[in-house]
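*Asks:* Just input.txt, nothing more (compact mmCIF, N, CA and C atoms):
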# COMPACT_ATOMS: atom_id res chain seq x y z
N MET A 1 163.02 16.13 37.10
CA MET A 1 162.01 15.47 37.91
C MET A 1 161.98 16.15 39.28
N SER A 2 160.82 16.45 39.75
CA SER A 2 160.68 17.14 41.03
C SER A 2 160.79 16.16 42.19
N PHE A 3 160.98 16.72 43.39
CA PHE A 3 161.03 15.91 44.59
C PHE A 3 159.73 15.15 44.79
N ALA A 4 158.59 15.81 44.51
CA ALA A 4 157.29 15.16 44.66
C ALA A 4 157.19 13.96 43.72
N GLN A 5 157.69 14.10 42.49
CA GLN A 5 157.66 12.99 41.54
C GLN A 5 158.54 11.85 42.04
N ASN A 6 159.75 12.17 42.56
CA ASN A 6 160.62 11.13 43.11
C ASN A 6 159.96 10.40 44.26
N LYS A 7 159.27 11.14 45.13
CA LYS A 7 158.58 10.54 46.26
C LYS A 7 157.46 9.63 45.77
N GLU A 8 156.71 10.08 44.79
CA GLU A 8 155.59 9.28 44.28
C GLU A 8 156.13 8.03 43.57
N ASP A 9 157.23 8.15 42.84
CA ASP A 9 157.85 6.98 42.22
C ASP A 9 158.23 5.96 43.30
N PHE A 10 158.80 6.46 44.40
CA PHE A 10 159.17 5.60 45.52
C PHE A 10 157.93 4.88 46.07
N LEU A 11 156.83 5.59 46.21
CA LEU A 11 155.60 5.00 46.73
C LEU A 11 155.02 3.96 45.76
N VAL A 12 155.14 4.20 44.46
CA VAL A 12 154.69 3.24 43.46
C VAL A 12 155.53 1.96 43.55
N ARG A 13 156.82 2.11 43.81
CA ARG A 13 157.72 0.95 43.89
C ARG A 13 157.43 0.06 45.10
N GLN A 14 156.84 0.61 46.16
CA GLN A 14 156.65 -0.16 47.39
C GLN A 14 155.87 -1.46 47.19
N PRO A 15 154.69 -1.45 46.55
CA PRO A 15 153.99 -2.73 46.39
C PRO A 15 154.74 -3.69 45.45
N ILE A 16 155.45 -3.15 44.48
CA ILE A 16 156.23 -3.99 43.57
C ILE A 16 157.34 -4.70 44.35
N ASP A 17 158.07 -3.94 45.15
CA ASP A 17 159.14 -4.52 45.96
C ASP A 17 158.58 -5.51 46.99
N ARG A 18 157.39 -5.20 47.55
CA ARG A 18 156.76 -6.10 48.52
C ARG A 18 156.36 -7.42 47.85
N LEU A 19 155.87 -7.34 46.61
CA LEU A 19 155.53 -8.54 45.86
C LEU A 19 156.74 -9.47 45.77
N PHE A 20 157.89 -8.93 45.36
CA PHE A 20 159.07 -9.77 45.17
C PHE A 20 159.66 -10.24 46.50
N ALA A 21 159.59 -9.42 47.53
CA ALA A 21 160.05 -9.85 48.85
C ALA A 21 159.17 -10.99 49.36
N GLY A 22 157.88 -10.88 49.14
CA GLY A 22 156.96 -11.94 49.55
C GLY A 22 157.18 -13.23 48.78
N MET A 23 157.46 -13.12 47.48
CA MET A 23 157.76 -14.31 46.70
C MET A 23 159.00 -15.01 47.24
N SER A 24 160.04 -14.24 47.53
CA SER A 24 161.29 -14.79 48.03
C SER A 24 161.10 -15.45 49.39
N ALA A 25 160.20 -14.90 50.20
CA ALA A 25 159.95 -15.43 51.54
C ALA A 25 158.85 -16.49 51.56
N SER A 26 158.27 -16.81 50.41
CA SER A 26 157.13 -17.73 50.31
C SER A 26 155.98 -17.26 51.19
N ASP A 27 155.81 -15.95 51.26
CA ASP A 27 154.79 -15.32 52.12
C ASP A 27 153.64 -14.82 51.25
N SER A 28 152.62 -15.66 51.09
CA SER A 28 151.50 -15.29 50.22
C SER A 28 150.72 -14.10 50.77
N ALA A 29 150.69 -13.91 52.08
CA ALA A 29 149.99 -12.75 52.65
C ALA A 29 150.70 -11.46 52.27
N MET A 30 152.03 -11.47 52.30
CA MET A 30 152.78 -10.28 51.89
C MET A 30 152.55 -10.00 50.41
N VAL A 31 152.60 -11.04 49.60
CA VAL A 31 152.34 -10.87 48.17
C VAL A 31 150.94 -10.30 47.95
N HIS A 32 149.96 -10.88 48.62
CA HIS A 32 148.57 -10.44 48.48
C HIS A 32 148.41 -8.97 48.83
N SER A 33 149.15 -8.50 49.81
CA SER A 33 149.03 -7.11 50.25
C SER A 33 149.50 -6.11 49.19
N ALA A 34 150.22 -6.57 48.18
CA ALA A 34 150.69 -5.68 47.12
C ALA A 34 149.62 -5.43 46.06
N PHE A 35 148.57 -6.25 46.08
CA PHE A 35 147.57 -6.22 45.02
C PHE A 35 146.25 -5.60 45.46
N ALA A 36 145.54 -5.07 44.47
CA ALA A 36 144.18 -4.56 44.67
C ALA A 36 143.23 -5.74 44.87
N LYS A 37 141.97 -5.44 45.17
CA LYS A 37 140.98 -6.49 45.38
C LYS A 37 140.69 -7.24 44.08
N GLN A 38 140.64 -6.54 42.97
CA GLN A 38 140.40 -7.17 41.68
C GLN A 38 141.66 -7.05 40.84
N VAL A 39 142.16 -8.20 40.39
CA VAL A 39 143.44 -8.25 39.70
C VAL A 39 143.31 -9.10 38.44
N THR A 40 144.00 -8.67 37.40
CA THR A 40 144.17 -9.52 36.22
C THR A 40 145.66 -9.70 35.99
N MET A 41 145.97 -10.84 35.40
CA MET A 41 147.37 -11.15 35.10
C MET A 41 147.44 -11.74 33.70
N ALA A 42 148.56 -11.54 33.04
CA ALA A 42 148.76 -12.11 31.71
C ALA A 42 150.23 -12.44 31.51
N THR A 43 150.47 -13.51 30.79
CA THR A 43 151.82 -13.89 30.40
C THR A 43 151.86 -14.01 28.89
N ILE A 44 152.86 -13.41 28.30
CA ILE A 44 153.06 -13.46 26.86
C ILE A 44 154.37 -14.22 26.62
N GLY A 45 154.33 -15.18 25.74
CA GLY A 45 155.53 -15.95 25.47
C GLY A 45 155.41 -16.69 24.16
N LYS A 46 156.23 -17.71 23.99
CA LYS A 46 156.19 -18.57 22.81
C LYS A 46 156.04 -20.01 23.30
N ASP A 47 155.20 -20.77 22.58
CA ASP A 47 155.04 -22.18 22.94
C ASP A 47 156.22 -22.99 22.41
N LYS A 48 156.17 -24.30 22.62
CA LYS A 48 157.30 -25.16 22.23
C LYS A 48 157.58 -25.14 20.74
N SER A 49 156.56 -24.83 19.93
CA SER A 49 156.78 -24.77 18.48
C SER A 49 157.19 -23.37 18.02
N GLY A 50 157.35 -22.43 18.99
CA GLY A 50 157.79 -21.08 18.66
C GLY A 50 156.68 -20.10 18.34
N GLN A 51 155.43 -20.55 18.50
CA GLN A 51 154.30 -19.68 18.22
C GLN A 51 153.99 -18.80 19.43
N PRO A 52 153.70 -17.52 19.20
CA PRO A 52 153.37 -16.64 20.32
C PRO A 52 152.04 -17.03 20.97
N PHE A 53 151.98 -16.81 22.28
CA PHE A 53 150.74 -17.06 23.02
C PHE A 53 150.54 -15.97 24.07
N ILE A 54 149.31 -15.84 24.52
CA ILE A 54 148.98 -15.01 25.68
C ILE A 54 148.11 -15.87 26.59
N ARG A 55 148.47 -15.89 27.86
CA ARG A 55 147.69 -16.61 28.87
C ARG A 55 147.17 -15.58 29.86
N ASN A 56 145.85 -15.44 29.93
CA ASN A 56 145.21 -14.48 30.82
C ASN A 56 144.69 -15.19 32.06
N GLU A 57 144.79 -14.52 33.17
CA GLU A 57 144.21 -15.02 34.42
C GLU A 57 143.41 -13.91 35.06
N SER A 58 142.20 -14.24 35.48
CA SER A 58 141.42 -13.25 36.21
C SER A 58 141.54 -13.61 37.68
N GLY A 59 142.25 -12.80 38.39
CA GLY A 59 142.49 -13.06 39.80
C GLY A 59 143.89 -13.61 40.05
N ILE A 60 144.24 -13.68 41.32
CA ILE A 60 145.59 -14.11 41.69
C ILE A 60 145.58 -15.31 42.63
N ALA A 61 144.43 -15.96 42.79
CA ALA A 61 144.33 -17.07 43.75
C ALA A 61 145.36 -18.17 43.47
N ASP A 62 145.49 -18.59 42.22
CA ASP A 62 146.44 -19.65 41.89
C ASP A 62 147.88 -19.21 42.15
N PHE A 63 148.17 -17.95 41.83
CA PHE A 63 149.51 -17.42 42.06
C PHE A 63 149.82 -17.40 43.56
N LEU A 64 148.87 -16.92 44.36
CA LEU A 64 149.09 -16.89 45.81
C LEU A 64 149.27 -18.28 46.38
N LYS A 65 148.50 -19.24 45.87
CA LYS A 65 148.64 -20.63 46.33
C LYS A 65 150.03 -21.16 45.99
N ALA A 66 150.52 -20.87 44.79
CA ALA A 66 151.85 -21.33 44.38
C ALA A 66 152.94 -20.71 45.26
N VAL A 67 152.81 -19.42 45.53
CA VAL A 67 153.80 -18.73 46.38
C VAL A 67 153.81 -19.33 47.78
N GLY A 68 152.63 -19.57 48.33
CA GLY A 68 152.52 -20.03 49.72
C GLY A 68 152.74 -21.52 49.92
N THR A 69 152.71 -22.30 48.85
CA THR A 69 152.95 -23.73 48.97
C THR A 69 154.45 -23.96 49.16
N PRO A 70 154.82 -24.70 50.20
CA PRO A 70 156.25 -24.91 50.44
C PRO A 70 156.96 -25.49 49.21
N HIS A 71 158.10 -24.88 48.89
CA HIS A 71 158.94 -25.38 47.80
C HIS A 71 160.38 -25.35 48.31
N PRO A 72 161.19 -26.31 47.86
CA PRO A 72 162.52 -26.46 48.44
C PRO A 72 163.48 -25.32 48.13
N GLU A 73 163.27 -24.62 47.04
CA GLU A 73 164.18 -23.55 46.64
C GLU A 73 163.48 -22.19 46.73
N THR A 74 164.24 -21.18 47.05
CA THR A 74 163.73 -19.81 47.12
C THR A 74 163.46 -19.28 45.72
N TRP A 75 162.36 -18.57 45.56
CA TRP A 75 162.05 -17.90 44.29
C TRP A 75 162.58 -16.47 44.37
N ASN A 76 163.43 -16.11 43.45
CA ASN A 76 163.99 -14.76 43.41
C ASN A 76 163.74 -14.15 42.04
N GLU A 77 163.22 -12.94 42.05
CA GLU A 77 162.96 -12.24 40.78
C GLU A 77 163.50 -10.81 40.86
N PRO A 78 164.82 -10.66 40.70
CA PRO A 78 165.37 -9.30 40.70
C PRO A 78 164.91 -8.54 39.45
N ILE A 79 164.67 -7.24 39.64
CA ILE A 79 164.27 -6.38 38.52
C ILE A 79 165.29 -5.25 38.38
N TRP A 80 165.35 -4.67 37.18
CA TRP A 80 166.24 -3.54 36.92
C TRP A 80 165.64 -2.73 35.78
N ASP A 81 166.26 -1.55 35.54
CA ASP A 81 165.77 -0.62 34.51
C ASP A 81 164.28 -0.32 34.69
N VAL A 82 163.89 -0.04 35.91
CA VAL A 82 162.48 0.24 36.20
C VAL A 82 162.12 1.63 35.69
N LYS A 83 161.05 1.68 34.90
CA LYS A 83 160.54 2.95 34.37
C LYS A 83 159.13 3.13 34.90
N ILE A 84 158.89 4.24 35.56
CA ILE A 84 157.59 4.52 36.17
C ILE A 84 156.99 5.75 35.53
N SER A 85 155.72 5.65 35.16
CA SER A 85 154.95 6.79 34.66
C SER A 85 153.71 6.93 35.53
N ILE A 86 153.37 8.16 35.87
CA ILE A 86 152.24 8.43 36.76
C ILE A 86 151.37 9.51 36.15
N ASP A 87 150.06 9.30 36.20
CA ASP A 87 149.08 10.33 35.85
C ASP A 87 147.99 10.29 36.90
N GLY A 88 148.04 11.22 37.82
CA GLY A 88 147.05 11.25 38.90
C GLY A 88 147.12 10.00 39.75
N ASN A 89 146.02 9.25 39.78
CA ASN A 89 145.93 8.05 40.61
C ASN A 89 146.22 6.77 39.83
N PHE A 90 146.82 6.91 38.66
CA PHE A 90 147.18 5.76 37.83
C PHE A 90 148.68 5.77 37.59
N ALA A 91 149.28 4.60 37.70
CA ALA A 91 150.72 4.48 37.43
C ALA A 91 150.98 3.20 36.66
N GLN A 92 152.04 3.24 35.89
CA GLN A 92 152.52 2.01 35.29
C GLN A 92 154.01 1.92 35.51
N ALA A 93 154.47 0.71 35.68
CA ALA A 93 155.90 0.46 35.86
C ALA A 93 156.29 -0.66 34.92
N TRP A 94 157.44 -0.50 34.31
CA TRP A 94 157.97 -1.45 33.34
C TRP A 94 159.36 -1.80 33.81
N ALA A 95 159.68 -3.08 33.93
CA ALA A 95 160.99 -3.47 34.45
C ALA A 95 161.46 -4.76 33.79
N SER A 96 162.74 -4.83 33.52
CA SER A 96 163.35 -6.09 33.10
C SER A 96 163.53 -6.94 34.34
N TYR A 97 163.46 -8.27 34.15
CA TYR A 97 163.64 -9.17 35.30
C TYR A 97 164.33 -10.46 34.87
N ALA A 98 164.82 -11.16 35.87
CA ALA A 98 165.30 -12.53 35.72
C ALA A 98 164.70 -13.33 36.86
N PHE A 99 164.30 -14.55 36.60
CA PHE A 99 163.69 -15.39 37.63
C PHE A 99 164.63 -16.54 37.93
N TYR A 100 164.94 -16.70 39.22
CA TYR A 100 165.83 -17.76 39.68
C TYR A 100 165.09 -18.64 40.69
N ILE A 101 165.28 -19.93 40.56
CA ILE A 101 164.80 -20.89 41.55
C ILE A 101 166.04 -21.34 42.30
N GLY A 102 166.16 -20.86 43.52
CA GLY A 102 167.41 -21.03 44.24
C GLY A 102 168.47 -20.23 43.50
N LYS A 103 169.55 -20.87 43.12
CA LYS A 103 170.62 -20.20 42.36
C LYS A 103 170.51 -20.48 40.86
N LYS A 104 169.50 -21.27 40.47
CA LYS A 104 169.38 -21.70 39.07
C LYS A 104 168.49 -20.73 38.28
N PHE A 105 169.05 -20.23 37.18
CA PHE A 105 168.30 -19.36 36.28
C PHE A 105 167.14 -20.14 35.67
N SER A 106 165.95 -19.53 35.65
CA SER A 106 164.78 -20.16 35.05
C SER A 106 164.40 -19.46 33.74
N HIS A 107 164.16 -18.13 33.83
CA HIS A 107 163.76 -17.38 32.64
C HIS A 107 163.91 -15.88 32.92
N CYS A 108 163.69 -15.10 31.88
CA CYS A 108 163.78 -13.65 32.01
C CYS A 108 162.67 -13.02 31.18
N GLY A 109 162.58 -11.71 31.25
CA GLY A 109 161.59 -10.99 30.46
C GLY A 109 161.38 -9.60 30.99
N VAL A 110 160.15 -9.15 30.80
CA VAL A 110 159.74 -7.83 31.25
C VAL A 110 158.48 -7.99 32.09
N ASP A 111 158.42 -7.27 33.20
CA ASP A 111 157.21 -7.17 34.01
C ASP A 111 156.59 -5.81 33.72
N ALA A 112 155.29 -5.79 33.47
CA ALA A 112 154.56 -4.53 33.27
C ALA A 112 153.44 -4.48 34.30
N PHE A 113 153.50 -3.48 35.16
CA PHE A 113 152.54 -3.32 36.25
C PHE A 113 151.63 -2.14 35.97
N HIS A 114 150.34 -2.29 36.26
CA HIS A 114 149.42 -1.17 36.32
C HIS A 114 148.98 -1.07 37.77
N LEU A 115 149.06 0.13 38.31
CA LEU A 115 148.72 0.36 39.71
C LEU A 115 147.75 1.53 39.82
N TYR A 116 146.98 1.53 40.91
CA TYR A 116 146.16 2.70 41.19
C TYR A 116 146.35 3.10 42.64
N LYS A 117 146.15 4.39 42.86
CA LYS A 117 146.31 4.95 44.21
C LYS A 117 144.96 4.91 44.90
N GLN A 118 144.89 4.18 45.99
CA GLN A 118 143.66 4.04 46.75
C GLN A 118 143.35 5.32 47.52
N PRO A 119 142.12 5.44 48.03
CA PRO A 119 141.78 6.63 48.82
C PRO A 119 142.70 6.86 50.02
N ASP A 120 143.29 5.77 50.57
CA ASP A 120 144.20 5.92 51.72
C ASP A 120 145.61 6.32 51.30
N GLY A 121 145.82 6.50 49.97
CA GLY A 121 147.12 6.94 49.48
C GLY A 121 148.07 5.82 49.09
N GLN A 122 147.70 4.57 49.37
CA GLN A 122 148.55 3.44 49.03
C GLN A 122 148.34 3.03 47.57
N TRP A 123 149.44 2.72 46.92
CA TRP A 123 149.39 2.20 45.55
C TRP A 123 149.20 0.69 45.61
N LYS A 124 148.36 0.15 44.72
CA LYS A 124 148.11 -1.29 44.64
C LYS A 124 148.18 -1.72 43.17
N ILE A 125 148.70 -2.90 42.95
CA ILE A 125 148.79 -3.47 41.60
C ILE A 125 147.41 -4.03 41.24
N PHE A 126 146.88 -3.62 40.08
CA PHE A 126 145.62 -4.20 39.63
C PHE A 126 145.78 -5.00 38.35
N HIS A 127 146.92 -4.88 37.69
CA HIS A 127 147.20 -5.70 36.52
C HIS A 127 148.71 -5.93 36.43
N LEU A 128 149.06 -7.17 36.14
CA LEU A 128 150.47 -7.53 35.97
C LEU A 128 150.58 -8.40 34.74
N ALA A 129 151.40 -7.97 33.80
CA ALA A 129 151.68 -8.77 32.61
C ALA A 129 153.19 -8.98 32.54
N ASP A 130 153.58 -10.13 32.00
CA ASP A 130 155.00 -10.39 31.85
C ASP A 130 155.27 -11.14 30.56
N THR A 131 156.50 -11.03 30.11
CA THR A 131 156.99 -11.85 29.02
C THR A 131 157.95 -12.87 29.62
N ARG A 132 158.14 -13.97 28.90
CA ARG A 132 159.05 -15.01 29.41
C ARG A 132 159.84 -15.60 28.27
N GLN A 133 161.14 -15.67 28.48
CA GLN A 133 162.02 -16.36 27.54
C GLN A 133 163.23 -16.89 28.31
N LYS A 134 163.91 -17.82 27.69
CA LYS A 134 165.09 -18.42 28.32
C LYS A 134 166.38 -17.96 27.66
N GLU A 135 166.28 -17.36 26.48
CA GLU A 135 167.46 -16.91 25.74
C GLU A 135 167.33 -15.43 25.43
N GLY A 136 168.47 -14.82 25.11
CA GLY A 136 168.46 -13.41 24.76
C GLY A 136 168.31 -12.50 25.96
N CYS A 137 168.62 -13.00 27.12
CA CYS A 137 168.48 -12.22 28.35
C CYS A 137 169.74 -11.37 28.55
N ASN A 138 169.56 -10.10 28.74
CA ASN A 138 170.69 -9.21 29.01
C ASN A 138 170.70 -8.87 30.50
N ILE A 139 171.03 -9.87 31.29
CA ILE A 139 171.00 -9.72 32.75
C ILE A 139 172.27 -9.00 33.18
N PRO A 140 172.12 -7.90 33.91
CA PRO A 140 173.31 -7.20 34.39
C PRO A 140 174.18 -8.12 35.26
N LYS A 141 175.48 -7.95 35.13
CA LYS A 141 176.44 -8.79 35.87
C LYS A 141 176.19 -8.73 37.37
N GLU A 142 175.86 -7.55 37.89
CA GLU A 142 175.64 -7.44 39.34
C GLU A 142 174.42 -8.24 39.78
N VAL A 143 173.48 -8.50 38.88
CA VAL A 143 172.32 -9.35 39.19
C VAL A 143 172.73 -10.81 39.11
N SER A 144 173.30 -11.23 37.98
CA SER A 144 173.65 -12.64 37.80
C SER A 144 174.70 -13.11 38.82
N ASP A 145 175.59 -12.22 39.23
CA ASP A 145 176.62 -12.59 40.22
C ASP A 145 176.01 -12.96 41.57
N ARG A 146 174.83 -12.45 41.88
CA ARG A 146 174.18 -12.76 43.15
C ARG A 146 173.72 -14.22 43.22
N PHE A 147 173.67 -14.89 42.07
CA PHE A 147 173.14 -16.26 42.04
C PHE A 147 174.17 -17.29 41.60
N LYS A 148 175.45 -16.96 41.80
CA LYS A 148 176.52 -17.91 41.47
C LYS A 148 176.81 -18.80 42.65
Just give me the structure of the file as structure tokens.
*Replies:*
Amino acid sequence: MSFAQNKEDFLVRQPIDRLFAGMSASDSAMVHSAFAKQVTMATIGKDKSGQPFIRNESGIADFLKAVGTPHPETWNEPIWDVKISIDGNFAQAWASYAFYIGKKFSHCGVDAFHLYKQPDGQWKIFHLADTRQKEGCNIPKEVSDRFK
């Protein structure tokens, strides 16, 4: 991997890291700054009867409202095993994650980001999909230890 590729990977990571920092700080403006003007989101999981589902959202207004609404516990979503692929002004990032409310484990899965490079050179997330489960999580010890 070339230095230019490492630098571009770093730049792709910036809005992703800003998203999670904003979630942890309950800062909806910071979260919003990680996203493009038009955004789609999707969650893939299983319902209570074990049947697979997909929930699509066009836009992030509800997500931003949830982040910015005061809640007693901090939302933390550490990610690991981040894989970034870039082709010109398009990038995708795939990462395992665990979601904690305060110190309490909520769920885990995979986050899949699609980003594009704006004319000003900044990368923005235009699509975010995730999976969610409560079991079968292979959370690295160094991650889980942070929430003991």
*Asks:* Please provide as a ChimeraX atom specification all residues within 12 Å of Lys65 (chain A), with the sequence filter that same-chain residues fewer than 4 positions apart are discarded (counting only C-alpha atoms).
*Replies:* /A:23,26-29,31-32,59-61,69-71
*Asks:* Apply DSSP to the backbone of this structure and, from chain A, keep only the residues in strand (DSSP E or B); write these as a ChimeraX atom specification.
*Replies:* /A:35-46,52-58,75-76,79-87,90-101,104-117,123-131,133
*Asks:* Would you mind telling me which residue in A:Phe99, A:Ala112, A:Gly22, A:Asp130 lies nearest to Gly68 (chain A) when using only N, CA and C atoms?
*Replies:* A:Gly22
*Asks:* Select from chain A everything DSSP, run on the backbone, classes as helix (DSSP H, G or I), then give the selection as an NGL selection string.
*Replies:* :A and (3-25 or 28-33 or 61-68 or 141-147)
*Asks:* Between A:Lys103, A:Lys134, A:His127, A:Tyr116, which is the closest to Lys148 (chain A) once you count only C-alpha atoms?
*Replies:* A:Lys103
*Asks:* CA of Pro15 (chain A) and CA of Phe63 (chain A), how far apart in Å?
*Replies:*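 Taking CA of Phe63 (chain A) and CA of Pro15 (chain A), their separation equals 16.0 Å.
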*Asks:* Measuring between all atoms listed in the file, which one of A:Gln38, A:Asn76, A:Glu8, A:Gln51 shows the shortest distance to Phe20 (chain A)?
*Replies:*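 Answer, going by the shortest atom-to-atom distance: A:Asn76.
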*Asks:* Rank A:Ile139, A:Leu64, A:Asp9, A:Trp75 by their smallest atom-to-atom distance to Gly102 (chain A), using all atoms listed in the file, and report the top residue only.
*Replies:*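 Looking only at the distances to Gly102 (chain A), the closest residue turns out to be A:Trp75.
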*Asks:* Choose the residue, out of A:His114, A:Lys141, A:Arg13, A:Lys124, that has the smallest atom-to-atom separation from Phe35 (chain A); count only N, CA and C atoms.
*Replies:*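 That would be A:Lys124, the residue with the smallest distance to Phe35 (chain A).
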*Asks:* Nearest to Thr43 (chain A): which of A:Cys137, A:Thr131, A:Phe90, A:Ser144 is it, counting all atoms listed in the file?
*Replies:*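 Closest to Thr43 (chain A), using all atoms listed in the file: A:Thr131.
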*Asks:* Could you work out how far CA of Ala98 (chain A) lies from CA of Ile125 (chain A), giving the answer in Å with one decimal?
*Replies:*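 Spanning CA of Ile125 (chain A) to CA of Ala98 (chain A) is a straight-line distance of 19.7 Å.
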*Asks:* To one decimal place in Å, what is the distance between CA of Asp111 (chain A) and CA of Asp47 (chain A)?
*Replies:*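 Taking CA of Asp111 (chain A) as the start and CA of Asp47 (chain A) as the end point, the length is 18.8 Å.
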